[in-house]
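Below is upload33.txt, holding compact mmCIF, C-alpha atoms.
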# COMPACT_ATOMS: atom_id res chain seq x y z
CA MET A 22 211.28 36.05 195.21
CA THR A 23 207.63 35.35 194.67
CA LEU A 24 205.13 34.87 197.46
CA ALA A 25 202.96 31.85 196.84
CA VAL A 26 199.57 32.21 198.44
CA ASN A 27 196.72 29.74 198.37
CA TRP A 28 193.95 32.27 197.95
CA ASN A 29 191.19 29.78 198.72
CA ARG A 30 192.73 28.90 202.07
CA ALA A 31 193.47 32.52 202.84
CA ALA A 32 189.92 33.54 201.95
CA TYR A 33 188.37 30.82 204.12
CA ALA A 34 190.65 31.68 207.04
CA LEU A 35 189.76 35.33 206.69
CA LEU A 36 186.06 34.49 206.49
CA THR A 37 186.29 32.36 209.63
CA LEU A 38 188.13 35.02 211.60
CA ALA A 39 185.77 37.75 210.37
CA SER A 40 182.81 35.61 211.39
CA LEU A 41 184.24 35.25 214.87
CA ALA A 42 184.69 39.01 215.09
CA LEU A 43 181.10 39.40 213.91
CA LEU A 44 180.02 37.01 216.63
CA LEU A 45 181.69 39.25 219.20
CA TYR A 46 179.99 42.31 217.70
CA THR A 47 176.53 40.79 218.11
CA ILE A 48 176.71 39.23 221.58
CA GLY A 49 179.53 41.18 223.24
CA ALA A 50 178.34 44.11 225.31
CA PRO A 51 181.32 46.22 226.38
CA MET A 52 180.46 49.52 228.00
CA THR A 53 181.70 52.48 226.09
CA GLU A 54 180.92 56.18 225.94
CA GLY A 55 177.86 56.67 223.77
CA SER A 56 177.23 52.95 223.28
CA MET B 2 182.40 52.36 216.31
CA ASN B 3 185.72 53.76 217.47
CA VAL B 4 189.21 52.27 217.20
CA GLN B 5 189.10 50.79 220.71
CA GLY B 6 185.83 49.07 219.93
CA LEU B 7 187.28 47.62 216.76
CA LEU B 8 190.32 46.40 218.69
CA LEU B 9 188.08 44.66 221.18
CA LEU B 10 186.38 42.80 218.32
CA ILE B 11 189.49 41.65 216.48
CA ALA B 12 191.68 41.01 219.53
CA PRO B 13 190.25 37.58 220.49
CA PRO B 14 190.48 36.05 216.98
CA ALA B 15 193.93 37.63 216.51
CA LEU B 16 195.12 36.32 219.88
CA GLY B 17 193.67 32.94 218.96
CA VAL B 18 195.75 32.95 215.77
CA LEU B 19 198.88 33.81 217.76
CA VAL B 20 198.21 31.05 220.31
CA GLY B 21 197.41 28.67 217.48
CA TYR B 22 200.75 29.30 215.78
CA LEU B 23 202.59 29.01 219.10
CA CYS B 24 200.95 25.60 219.58
CA GLY B 25 202.11 24.43 216.19
CA GLY B 26 198.89 25.07 214.33
CA ARG B 27 198.32 26.54 210.88
CA LEU B 28 195.66 28.87 209.52
CA ALA B 29 194.86 26.12 207.01
CA GLY B 30 193.45 24.15 209.93
CA LEU B 31 190.50 26.54 210.03
CA ARG B 32 189.23 24.83 206.89
CA ALA B 33 188.56 21.72 208.94
CA VAL B 34 185.97 23.56 211.00
CA ARG B 35 182.79 24.01 209.02
CA LEU B 36 180.82 27.18 209.61
CA ARG B 37 177.21 26.63 208.61
CA ALA B 38 174.51 29.19 208.01
CA LEU B 39 176.81 32.20 208.22
CA TRP B 40 173.92 34.29 206.94
CA LEU B 41 172.46 34.07 210.46
CA LEU B 42 175.52 35.84 211.89
CA TRP B 43 175.52 38.47 209.16
CA LEU B 44 171.79 39.11 209.67
CA ALA B 45 172.29 39.43 213.43
CA ALA B 46 175.15 41.87 212.87
CA ALA B 47 173.04 43.90 210.43
CA VAL B 48 170.21 44.17 212.98
CA GLN B 49 172.73 45.07 215.71
CA ALA B 50 174.28 47.77 213.53
CA ALA B 51 170.85 49.11 212.61
CA GLN B 52 170.03 49.47 216.31
CA TYR B 53 173.12 51.60 216.84
CA TYR B 54 172.41 54.00 213.99
CA VAL B 55 168.59 54.04 213.73
CA THR B 56 167.05 55.24 216.99
CA PRO B 57 163.48 53.90 216.43
CA LEU B 58 164.96 50.39 216.13
CA ARG B 59 166.34 50.43 219.69
CA HIS B 60 163.70 48.13 221.02
CA PRO B 61 164.24 45.13 223.35
CA ALA B 62 162.44 42.89 220.86
CA LEU B 63 165.18 43.44 218.27
CA LEU B 64 167.83 42.64 220.86
CA ILE B 65 166.07 39.33 221.48
CA LEU B 66 166.13 38.81 217.70
CA VAL B 67 169.91 39.43 217.57
CA PHE B 68 170.65 37.03 220.39
CA GLY B 69 168.15 34.51 219.03
CA LEU B 70 169.86 34.49 215.62
CA VAL B 71 173.30 34.03 217.18
CA LEU B 72 172.17 31.27 219.53
CA TRP B 73 170.49 29.56 216.57
CA TRP B 74 173.78 29.79 214.62
CA LEU B 75 175.69 28.36 217.57
CA ALA B 76 173.17 25.52 218.00
CA LEU B 77 173.47 24.63 214.28
CA ASN B 78 177.25 24.52 214.40
CA LEU B 79 178.10 23.19 217.87
CA ALA B 80 176.86 19.69 217.11
CA ALA B 81 179.11 19.42 214.04
CA TRP B 82 182.29 20.64 215.68
CA PRO B 83 184.93 18.35 217.24
CA LEU B 84 184.66 17.97 221.00
CA ALA B 85 187.35 20.42 222.09
CA ILE B 86 186.10 23.11 219.73
CA ARG B 87 182.55 22.37 220.84
CA ILE B 88 183.56 23.09 224.44
CA ALA B 89 184.98 26.46 223.33
CA GLY B 90 181.69 27.05 221.52
CA VAL B 91 179.76 26.23 224.68
CA ALA B 92 181.83 28.82 226.58
CA ILE B 93 180.87 31.40 223.95
CA THR B 94 177.22 30.35 224.23
CA VAL B 95 177.23 30.64 228.03
CA GLY B 96 178.81 34.09 227.71
CA ALA B 97 176.14 35.14 225.24
CA LEU B 98 173.38 33.86 227.52
CA ALA B 99 174.89 35.70 230.49
CA ASN B 100 174.98 38.97 228.54
CA GLY B 101 171.50 38.41 227.17
CA LEU B 102 170.09 37.63 230.61
CA ALA B 103 171.57 40.77 232.16
CA ILE B 104 170.12 42.90 229.36
CA VAL B 105 166.67 41.27 229.36
CA LEU B 106 166.30 41.55 233.15
CA ASN B 107 167.32 45.21 233.26
CA GLY B 108 166.25 46.60 229.90
CA ARG B 109 169.84 47.64 229.22
CA MET B 110 173.24 46.25 230.10
CA PRO B 111 173.98 47.46 233.64
CA TYR B 112 177.46 48.68 234.41
CA GLN B 113 179.27 49.22 237.68
CA PRO B 114 179.79 52.99 238.07
CA ALA B 115 183.11 52.52 239.86
CA ALA B 116 184.42 50.37 237.01
CA ALA B 117 183.31 52.96 234.48
CA ALA B 118 185.00 55.74 236.44
CA ALA B 119 188.18 53.67 236.63
CA VAL B 120 188.51 53.81 232.82
CA GLY B 121 187.57 57.44 232.54
CA LEU B 122 183.93 57.08 231.49
CA ARG B 123 181.43 59.61 232.78
CA PRO B 124 179.80 58.35 236.01
CA GLY B 125 176.05 57.94 235.83
CA LEU B 126 176.10 57.77 232.04
CA THR B 127 172.95 56.27 230.54
CA THR B 128 172.98 55.26 226.87
CA PRO B 129 170.59 53.27 224.68
CA LYS B 130 172.62 50.17 225.55
CA ASN B 131 173.89 50.78 229.09
CA ALA B 132 172.70 52.11 232.44
CA PRO B 133 174.47 52.39 235.81
CA ALA B 134 173.74 49.58 238.23
CA ASP B 135 171.98 50.42 241.49
CA ASP B 136 170.09 48.63 244.29
CA THR B 137 167.26 47.70 241.94
CA THR B 138 169.52 46.13 239.32
CA ARG B 139 169.00 42.40 238.86
CA LEU B 140 172.06 40.15 238.60
CA ALA B 141 174.31 43.21 238.52
CA TRP B 142 177.36 40.94 238.68
CA LEU B 143 176.56 39.78 235.14
CA GLY B 144 176.83 43.36 233.90
CA ASP B 145 179.82 45.41 232.80
CA THR B 146 181.91 45.21 235.94
CA ILE B 147 185.44 44.57 234.67
CA PRO B 148 187.42 47.67 233.64
CA VAL B 149 189.79 47.32 230.68
CA ALA B 150 191.92 50.42 231.16
CA PRO B 151 194.04 50.29 227.97
CA LEU B 152 190.89 50.37 225.85
CA ASN B 153 188.78 52.62 228.11
CA LYS B 154 186.07 49.99 228.20
CA VAL B 155 184.18 48.03 230.83
CA VAL B 156 183.35 44.43 230.00
CA SER B 157 181.16 41.79 231.58
CA PRO B 158 181.92 38.24 232.76
CA GLY B 159 179.97 37.14 229.70
CA ASP B 160 182.31 39.14 227.47
CA VAL B 161 185.30 37.44 229.12
CA LEU B 162 183.78 34.00 228.44
CA ILE B 163 183.03 34.95 224.84
CA GLY B 164 186.53 36.31 224.32
CA ALA B 165 188.26 33.35 225.93
CA GLY B 166 186.04 30.93 224.01
CA THR B 167 186.89 32.69 220.76
CA VAL B 168 190.64 32.51 221.46
CA ALA B 169 190.35 28.81 222.29
CA LEU B 170 188.14 28.03 219.30
CA THR B 171 190.55 29.73 216.89
CA ALA B 172 193.68 28.13 218.37
CA LEU B 173 192.11 24.66 218.54
CA ALA B 174 190.78 24.93 214.99
CA MET B 175 194.25 25.85 213.71
CA ARG B 176 195.58 22.58 215.11
CA ARG B 177 193.03 20.55 213.15
CA ARG B 178 194.19 18.58 210.15
CA ARG B 179 191.61 18.27 207.38
CA GLY B 180 190.46 14.66 206.89
CA ARG B 181 191.81 13.52 210.24
CA PRO B 182 189.05 11.82 212.24
CA ASP B 183 188.29 12.95 215.77
CA PRO B 184 190.27 10.96 218.35
CA GLU B 185 187.08 9.91 220.12
CA THR B 186 185.72 8.25 216.94
CA GLN B 187 188.76 6.11 216.24
CA PRO B 188 188.40 2.43 217.17
CA VAL B 189 190.51 1.31 220.09
CA GLU B 190 193.12 -1.27 219.04
CA GLY B 191 195.92 -2.88 220.93
CA GLY B 192 199.29 -1.23 220.34
CA GLU B 193 200.24 1.49 217.91
CA LYS B 194 200.60 0.89 214.17
For the file at hand, write its structure as structure tokens.
Amino acid sequence: MTLAVNWNRAAYALLTLASLALLLYTIGAPMTEGS
Amino acid sequence: MNVQGLLLLIAPPALGVLVGYLCGGRLAGLRAVRLRALWLLWLAAAVQAAQYYVTPLRHPALLILVFGLVLWWLALNLAAWPLAIRIAGVAITVGALANGLAIVLNGRMPYQPAAAAAVGLRPGLTTPKNAPADDTTRLAWLGDTIPVAPLNKVVSPGDVLIGAGTVALTALAMRRRRGRPDPETQPVEGGEK
């Protein structure tokens, strides 16, 4: 069985999700020890 | 950044993906949502990271730069997004403004000592980014007041808005079909074809 993956779609999806995580990193401000 | 911090960053997009699939969406739908000027986000993240690791860079002016870059990115993209996704983007923007306001008014993000103690953080802890709220704190309710016990973190109402907006944005984007026009732009005709 081979797994067919559309790498372009996967890459764009990953980029979008990573960008959203990056967004949280820049404007989120959770309190943490040593933050 | 520790594991809990990383979890807090990836949880909203991951939850958004889960909700998106449960609502019949597909990751391919993300392609229908254009993300412009991503370099603004990456630059903001680089400045944010530099502030954490390079002490002389921990200046309020750079924080304004970080928020300014992100708000600029949001402003560039909001107008191009479909209505529902735009609303999620507005929630994220309001959350960012709430966080930014609390930080600008107080020099650091204020946190509620009782909330910090509830998740096992040292009471009275002052860090480059956080300080305990007291009687002189302005808009303390916008600060880190919500304990998240499983992650030993305290978050703010702004963080909740940002997280919820991110979940919604991801799930809504997954339900998009590339090439399908927005419902509000379709001409109204009598009866269905």
**OP:** Tell me, in Å to one decimal, how far CA of Tyr112 in chain B is from CA of Pro148 in chain B.
**Re:** 10.0 Å
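The environment of range 94-102 of chain B within 6 Å, counting only C-alpha atoms and disregarding residues fewer than 5 places along the same chain, consists of Ile48 of chain A; Gly159, Leu162 and Ile163 of chain B.
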Atoms to include: C-alpha atoms. Write the selected residues as a short mmCIF file (atom, residue, chain, number, x, y, z; two decimals), in the frame of the given file.
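Listing of again_34.cif after writing:
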data_model
loop_
_atom_site.label_atom_id
_atom_site.label_comp_id
_atom_site.auth_asym_id
_atom_site.auth_seq_id
_atom_site.Cartn_x
_atom_site.Cartn_y
_atom_site.Cartn_z
CA ILE A 48 176.71 39.23 221.58
CA GLY B 159 179.97 37.14 229.70
CA LEU B 162 183.78 34.00 228.44
CA ILE B 163 183.03 34.95 224.84
#
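Here CA of Ala141 in chain B and CA of Ala103 in chain B stand 7.3 Å from one another.
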Original post:
What gap, in Å, lies between CA of Ala34 in chain A and CA of Leu28 in chain B?
Top reply: 6.3 Å
Original post:
When the cut-off is 6 Å and we count only C-alpha atoms, which residues of chain B are near chain A, given as an MDAnalysis selection string?
Top reply: chainID B and resid 10:11 14 31 46 97 128 130 154:156 160
Kindly reconstruct range 29-44 of chain A with N, CA, C and O atoms and present the result as a short mmCIF file (atom, residue, chain, number, x, y, z; two decimals), in the frame of the given file.
data_model
loop_
_atom_site.label_atom_id
_atom_site.label_comp_id
_atom_site.auth_asym_id
_atom_site.auth_seq_id
_atom_site.Cartn_x
_atom_site.Cartn_y
_atom_site.Cartn_z
N ASN A 29 192.37 30.41 198.15
CA ASN A 29 191.19 29.78 198.72
C ASN A 29 191.35 29.59 200.22
O ASN A 29 190.44 29.90 201.00
N ARG A 30 192.49 29.10 200.64
CA ARG A 30 192.73 28.90 202.07
C ARG A 30 192.72 30.23 202.81
O ARG A 30 192.15 30.36 203.88
N ALA A 31 193.39 31.21 202.19
CA ALA A 31 193.47 32.52 202.84
C ALA A 31 192.07 33.13 202.98
O ALA A 31 191.74 33.69 204.02
N ALA A 32 191.26 32.97 201.93
CA ALA A 32 189.92 33.54 201.95
C ALA A 32 189.08 32.86 203.03
O ALA A 32 188.35 33.52 203.76
N TYR A 33 189.17 31.53 203.12
CA TYR A 33 188.37 30.82 204.12
C TYR A 33 188.82 31.19 205.53
O TYR A 33 187.99 31.37 206.42
N ALA A 34 190.14 31.30 205.71
CA ALA A 34 190.65 31.68 207.04
C ALA A 34 190.17 33.06 207.42
O ALA A 34 189.72 33.29 208.55
N LEU A 35 190.21 33.96 206.44
CA LEU A 35 189.76 35.33 206.69
C LEU A 35 188.27 35.36 207.01
O LEU A 35 187.82 36.07 207.92
N LEU A 36 187.51 34.56 206.27
CA LEU A 36 186.06 34.49 206.49
C LEU A 36 185.76 33.96 207.89
O LEU A 36 184.89 34.47 208.59
N THR A 37 186.50 32.94 208.30
CA THR A 37 186.29 32.36 209.63
C THR A 37 186.60 33.38 210.71
O THR A 37 185.81 33.55 211.65
N LEU A 38 187.73 34.06 210.57
CA LEU A 38 188.13 35.02 211.60
C LEU A 38 187.16 36.22 211.61
O LEU A 38 186.81 36.72 212.67
N ALA A 39 186.74 36.64 210.43
CA ALA A 39 185.77 37.75 210.37
C ALA A 39 184.45 37.35 211.00
O ALA A 39 183.80 38.15 211.68
N SER A 40 184.06 36.10 210.80
CA SER A 40 182.81 35.61 211.39
C SER A 40 182.90 35.60 212.90
O SER A 40 181.92 35.92 213.59
N LEU A 41 184.07 35.25 213.42
CA LEU A 41 184.24 35.25 214.87
C LEU A 41 184.18 36.68 215.41
O LEU A 41 183.59 36.93 216.47
N ALA A 42 184.77 37.61 214.68
CA ALA A 42 184.69 39.01 215.09
C ALA A 42 183.24 39.49 215.05
O ALA A 42 182.78 40.24 215.92
N LEU A 43 182.52 39.03 214.04
CA LEU A 43 181.10 39.40 213.91
C LEU A 43 180.31 38.84 215.08
O LEU A 43 179.38 39.49 215.60
N LEU A 44 180.67 37.64 215.47
CA LEU A 44 180.02 37.01 216.63
C LEU A 44 180.20 37.89 217.86
O LEU A 44 179.25 38.13 218.61
#
